[in-house]
file structure_4.cif (mmCIF, C-alpha atoms)
data_run
loop_
_atom_site.label_atom_id
_atom_site.label_comp_id
_atom_site.auth_asym_id
_atom_site.auth_seq_id
_atom_site.Cartn_x
_atom_site.Cartn_y
_atom_site.Cartn_z
CA VAL L 3 117.42 93.32 82.84
CA MET L 4 118.14 91.42 79.65
CA GLU L 5 117.12 87.79 79.37
CA SER L 6 119.57 85.21 78.04
CA SER L 7 118.80 82.33 75.70
CA ASN L 8 119.59 78.64 75.80
CA ALA L 9 121.08 76.55 72.99
CA GLN L 10 117.68 76.26 71.30
CA GLY L 11 117.22 80.02 71.29
CA GLN L 12 114.54 79.93 74.00
CA PRO L 13 114.65 82.72 76.61
CA THR L 14 115.80 81.80 80.10
CA ALA L 15 115.36 83.65 83.38
CA PRO L 16 118.02 86.31 84.11
CA SER L 17 120.72 85.37 86.61
CA MET L 18 120.52 86.62 90.19
CA ALA L 19 123.66 88.71 89.65
CA ALA L 20 122.00 90.36 86.66
CA LEU L 21 118.90 91.13 88.72
CA VAL L 22 120.98 92.71 91.48
CA ALA L 23 122.89 94.79 88.94
CA GLY L 24 119.56 96.09 87.64
CA VAL L 25 118.38 97.45 91.00
CA PRO L 26 119.17 101.16 91.43
CA GLY L 27 121.49 101.91 94.34
CA VAL L 28 122.84 98.39 94.70
CA GLY L 29 126.53 98.26 93.85
CA SER L 30 127.21 94.70 95.01
CA ALA L 31 125.83 91.30 94.18
CA ASP L 32 125.98 90.57 97.92
CA ALA L 33 122.36 91.62 98.46
CA SER L 34 118.91 90.10 98.79
CA LEU L 35 116.04 90.81 96.43
CA LEU L 36 112.29 91.12 96.71
CA ARG L 37 110.42 90.72 93.43
CA VAL L 38 106.76 91.71 93.08
CA ARG L 39 104.16 91.38 90.32
CA VAL L 40 100.94 93.35 90.72
CA LEU L 41 98.18 91.40 88.96
CA SER L 42 94.77 92.89 89.61
CA ALA L 43 92.36 94.55 92.01
CA SER L 44 88.63 94.03 92.43
CA SER L 45 85.59 95.67 94.03
CA LEU L 46 87.43 98.98 94.48
CA ILE L 47 85.73 102.03 95.94
CA ASN L 48 84.52 104.56 93.39
CA LYS L 49 85.92 107.96 94.37
CA ASP L 50 84.78 109.72 91.20
CA THR L 51 81.31 110.98 90.25
CA GLY L 52 79.96 107.74 88.77
CA LEU L 53 78.18 109.76 86.07
CA PHE L 54 78.51 108.58 82.48
CA GLY L 55 81.02 105.88 83.44
CA ASP L 56 83.22 108.22 85.50
CA LEU L 57 84.87 105.72 87.88
CA SER L 58 88.06 105.56 89.92
CA ASP L 59 91.35 105.58 87.97
CA PRO L 60 93.43 103.12 90.02
CA PHE L 61 97.17 102.62 90.28
CA VAL L 62 99.21 100.77 92.92
CA ARG L 63 102.12 102.30 94.85
CA LEU L 64 104.68 99.88 96.30
CA LYS L 65 107.14 100.87 99.04
CA LEU L 66 109.96 99.11 100.85
CA GLY L 67 111.98 101.45 103.02
CA SER L 68 113.03 104.39 100.83
CA GLN L 69 112.39 102.50 97.58
CA GLU L 70 109.12 103.26 95.82
CA PHE L 71 107.46 102.16 92.57
CA LYS L 72 104.04 102.53 90.98
CA THR L 73 102.03 100.73 88.35
CA PRO L 74 100.45 102.43 85.35
CA THR L 75 97.03 104.00 85.93
CA ILE L 76 94.00 102.20 84.49
CA PRO L 77 91.21 104.73 83.86
CA ASN L 78 87.58 104.26 84.89
CA ASN L 79 87.90 100.73 86.25
CA LEU L 80 86.94 99.29 89.63
CA ASN L 81 88.31 95.83 88.69
CA PRO L 82 91.63 96.67 87.00
CA VAL L 83 94.08 94.10 85.61
CA TRP L 84 97.74 95.01 85.11
CA THR L 85 99.63 93.23 82.34
CA ALA L 86 102.51 95.65 81.69
CA GLY L 87 104.66 97.86 83.89
CA ASN L 88 103.63 95.71 86.84
CA GLU L 89 106.87 93.91 87.81
CA PHE L 90 109.26 95.43 90.33
CA THR L 91 112.51 94.45 92.09
CA PHE L 92 113.56 95.80 95.49
CA ALA L 93 116.95 95.53 97.18
CA VAL L 94 116.51 94.11 100.69
CA GLU L 95 118.96 95.33 103.32
CA ARG L 96 117.05 94.68 106.54
CA ALA L 97 113.82 93.22 107.88
CA GLY L 98 110.78 95.27 107.08
CA GLU L 99 107.41 95.34 105.36
CA LEU L 100 106.42 95.69 101.75
CA GLU L 101 103.61 98.25 101.60
CA LEU L 102 101.09 98.25 98.76
CA GLU L 103 98.43 100.94 98.44
CA VAL L 104 95.85 101.44 95.71
CA PHE L 105 95.08 105.03 94.72
CA ASN L 106 92.57 106.82 92.55
CA GLU L 107 94.62 109.18 90.37
CA ASN L 108 93.63 112.85 90.43
CA TYR L 109 95.26 116.01 89.13
CA ILE L 110 95.91 117.48 92.58
CA ARG L 111 95.60 114.83 95.31
CA HIS L 112 95.29 111.07 94.86
CA ASP L 113 92.59 109.28 96.87
CA SER L 114 93.52 106.12 98.76
CA LEU L 115 91.39 103.10 97.84
CA GLY L 116 92.92 100.86 100.52
CA SER L 117 96.21 99.23 101.42
CA THR L 118 97.89 96.01 102.52
CA SER L 119 101.38 94.96 103.61
CA VAL L 120 103.64 91.91 103.74
CA ALA L 121 106.20 91.29 106.49
CA LEU L 122 109.32 90.01 104.74
CA TYR L 123 110.17 87.46 107.42
CA THR L 124 106.94 85.56 106.61
CA LEU L 125 108.07 84.81 103.04
CA PRO L 126 109.68 81.44 102.31
CA PRO L 127 112.83 82.05 100.25
CA GLY L 128 113.00 81.21 96.56
CA GLU L 129 109.27 80.68 95.99
CA TRP L 130 106.70 82.76 94.14
CA ILE L 131 103.74 83.29 96.47
CA ARG L 132 100.41 84.54 95.13
CA ARG L 133 98.29 86.59 97.50
CA ARG L 134 94.79 88.01 97.33
CA ASP L 135 94.64 90.47 100.20
CA PRO L 136 91.68 92.49 101.47
CA LEU L 137 92.41 96.19 101.33
CA LYS L 138 92.46 97.97 104.68
CA ASN L 139 90.03 100.91 104.57
CA GLY L 140 88.98 99.70 101.13
CA LYS L 141 85.56 98.22 102.03
CA ASP L 142 85.25 95.10 99.83
CA GLY L 143 88.35 95.87 97.77
CA LEU L 144 90.93 93.14 97.10
CA LEU L 145 94.46 93.27 95.66
CA GLU L 146 96.02 90.26 93.94
CA PHE L 147 99.78 90.10 93.54
CA GLU L 148 102.76 87.74 93.52
CA VAL L 149 105.85 88.15 95.65
CA ARG L 150 109.18 86.32 95.85
CA PHE L 151 112.07 86.78 98.29
CA ASP L 152 115.50 85.77 96.95
CA PRO L 153 118.38 85.81 99.44
CA VAL L 154 121.57 86.40 97.48
CA ARG L 155 125.15 86.10 98.71
CA GLY L 156 128.05 86.84 96.42
CA GLY L 157 125.84 86.53 93.36
CA GLN L 158 124.60 83.03 94.31
CA SER L 159 121.15 82.26 95.66
CA ALA L 160 121.25 81.21 99.30
CA VAL L 161 117.88 79.47 99.12
CA LEU L 162 117.72 76.59 101.59
CA VAL L 163 114.21 75.44 100.75
CA PRO L 164 113.78 75.36 96.94
CA SER L 165 110.41 74.41 95.51
CA ARG L 166 111.44 71.71 93.04
CA PRO L 167 114.22 71.49 90.43
CA VAL L 168 113.52 73.39 87.22
CA ALA L 169 115.41 72.48 84.06
CA PRO L 170 117.40 75.30 82.40
CA GLY L 171 115.13 77.23 80.06
CA ALA L 172 111.95 75.71 81.50
CA SER L 173 109.17 77.99 82.66
CA LEU L 174 108.43 78.19 86.37
CA PRO L 175 105.23 76.59 87.70
CA ASP L 176 102.31 78.79 88.65
CA PRO L 177 102.81 80.15 92.18
CA PRO L 178 100.55 78.80 94.91
CA MET L 179 97.61 80.85 96.17
CA THR L 180 97.79 81.96 99.77
CA GLY L 181 96.16 84.52 101.97
CA GLY L 182 99.41 85.13 103.81
CA ALA L 183 100.62 82.61 106.37
CA SER L 184 102.44 83.34 109.59
CA LEU L 185 106.02 82.24 110.11
CA GLY L 186 104.82 79.56 112.53
CA GLN L 187 102.42 78.20 109.91
CA LEU L 188 105.16 78.14 107.34
CA GLN L 189 107.38 76.19 109.71
CA GLY L 190 104.68 73.61 110.27
CA ALA L 191 103.60 73.36 106.63
CA ALA L 192 106.79 71.84 105.25
CA PRO L 193 109.84 69.93 106.51
CA GLY L 194 112.08 72.85 105.52
CA GLY L 195 110.20 75.35 107.65
CA ALA L 196 112.79 75.40 110.39
CA GLN L 197 115.50 75.98 107.80
CA THR L 198 113.46 78.87 106.39
CA ALA L 199 113.24 80.47 109.83
CA ALA L 200 116.95 79.96 110.44
CA LEU L 201 117.82 81.53 107.09
CA HIS L 202 115.70 84.61 107.78
CA SER L 203 117.19 84.87 111.25
CA SER L 204 120.71 84.87 109.84
CA LEU L 205 119.83 87.38 107.13
CA PHE L 206 117.87 89.80 109.25
CA GLY L 207 119.37 89.16 112.71
CA MET L 208 115.97 88.22 114.12
CA SER L 209 115.45 85.96 117.10
CA GLN L 210 112.79 83.30 117.06
#
call {"tool": "encode", "arguments": {"input": "structure_4.cif", "output": "structure tokens"}}
result
Amino acid sequence: VMESSNAQGQPTAPSMAALVAGVPGVGSADASLLRVRVLSASSLINKDTGLFGDLSDPFVRLKLGSQEFKTPTIPNNLNPVWTAGNEFTFAVERAGELELEVFNENYIRHDSLGSTSVALYTLPPGEWIRRRDPLKNGKDGLLEFEVRFDPVRGGQSAVLVPSRPVAPGASLPDPPMTGGASLGQLQGAAPGGAQTAALHSSLFGMSQ
């Protein structure tokens, strides 16, 4: 997706319609989006020999329904940091879970280093949320990533609970750190929580 520029030549964030157009298999702007940035992992299991610096070669696989992406592989690193090829956009058609699994890359069969997941209905719309999740079956392994759910209708964001106004061309604030709150916690944490729940209910047809 190409970024546009403001009058001073500074890059601005791409429009929601442009993001939708850039998602494979989505032919209409009347869709919702899930955007994910994989940042880092730490304390991963070593599935390689350990001799002469031979450590796990981790990458992260992300899945939402039939859509699947992966990060680049970082060789011989139990505390990898991803700075490129780590941003992904999913088209959201129904309620579900984002699945993230860390693997050790091998020639024949990749070894799982642990996994985590995010239920979409727990995400407040229009906000970047930073998570640092323990990896299931990953011993002490942790995965740090950012996720944002953008409901889109007819090319316009349907966000009912924005964070705070951002001037055109201004950079977004750093996302808050969270370990993953429940929908009930989100409702109680801010005055717009009930609106968030109502929005997700209308989008996904879920009852509270």
call {"tool": "residues_around", "arguments": {"input": "structure_4.cif", "residues": "Leu66 of chain L", "least_positions_apart": "6", "cutoff": "7 Å", "atoms": "all atoms listed in the file", "output": "MDAnalysis selection string"}}
result
chainID L and resid 99:101
call {"tool": "write_last_selection", "arguments": {"input": "structure_4.cif", "atoms": "C-alpha atoms", "output": "PDB file, in the frame of the given file"}}
result
ATOM      1  CA  GLU L  99     107.410  95.340 105.360  1.00  0.00           C
ATOM      2  CA  LEU L 100     106.420  95.690 101.750  1.00  0.00           C
ATOM      3  CA  GLU L 101     103.610  98.250 101.600  1.00  0.00           C
TER       4      GLU L 101
END
call {"tool": "resolve_selection", "arguments": {"input": "structure_4.cif", "expression": "the PyMOL selection byres ((chain L and resi 49) around 9)", "output": "MDAnalysis selection string"}}
result
chainID L and resid 47:48 50:52 57:59 106 113:115
call {"tool": "atom_distance", "arguments": {"input": "structure_4.cif", "atom1": "atom CA of Leu102 of chain L", "atom2": "atom CA of Val62 of chain L"}}
result
6.6 Å
call {"tool": "closest_residue", "arguments": {"input": "structure_4.cif", "among": "L:Gly67, L:Pro60, L:Pro126, L:Gly116", "to": "Asp142 of chain L", "atoms": "only C-alpha atoms"}}
result
L:Gly116
call {"tool": "residues_near_point", "arguments": {"input": "structure_4.cif", "point": "(93.7, 90.3, 94.1)", "cutoff": "6 Å", "atoms": "only C-alpha atoms", "output": "number ranges by chain"}}
result
L: 42-43, 134, 144-146
call {"tool": "atom_distance", "arguments": {"input": "structure_4.cif", "atom1": "atom CA of Trp84 of chain L", "atom2": "atom CA of Leu41 of chain L"}}
result
5.3 Å
call {"tool": "resolve_selection", "arguments": {"input": "structure_4.cif", "expression": "the PyMOL selection byres ((chain L and resi 137) around 6)", "output": "ChimeraX atom specification"}}
result
/L:116-118,136,138,140,143-144
call {"tool": "atom_distance", "arguments": {"input": "structure_4.cif", "atom1": "atom CA of Arg150 of chain L", "atom2": "atom CA of Leu125 of chain L"}}
result
7.4 Å
call {"tool": "closest_residue", "arguments": {"input": "structure_4.cif", "among": "L:Val149, L:Val104, L:Val38, L:Ala33", "to": "Leu80 of chain L", "atoms": "only C-alpha atoms"}}
result
L:Val104
call {"tool": "resolve_selection", "arguments": {"input": "structure_4.cif", "expression": "the PyMOL selection byres ((chain L and resi 81) around 7)", "output": "PyMOL selection string"}}
result
chain L and resi 43-46+79-80+82-83
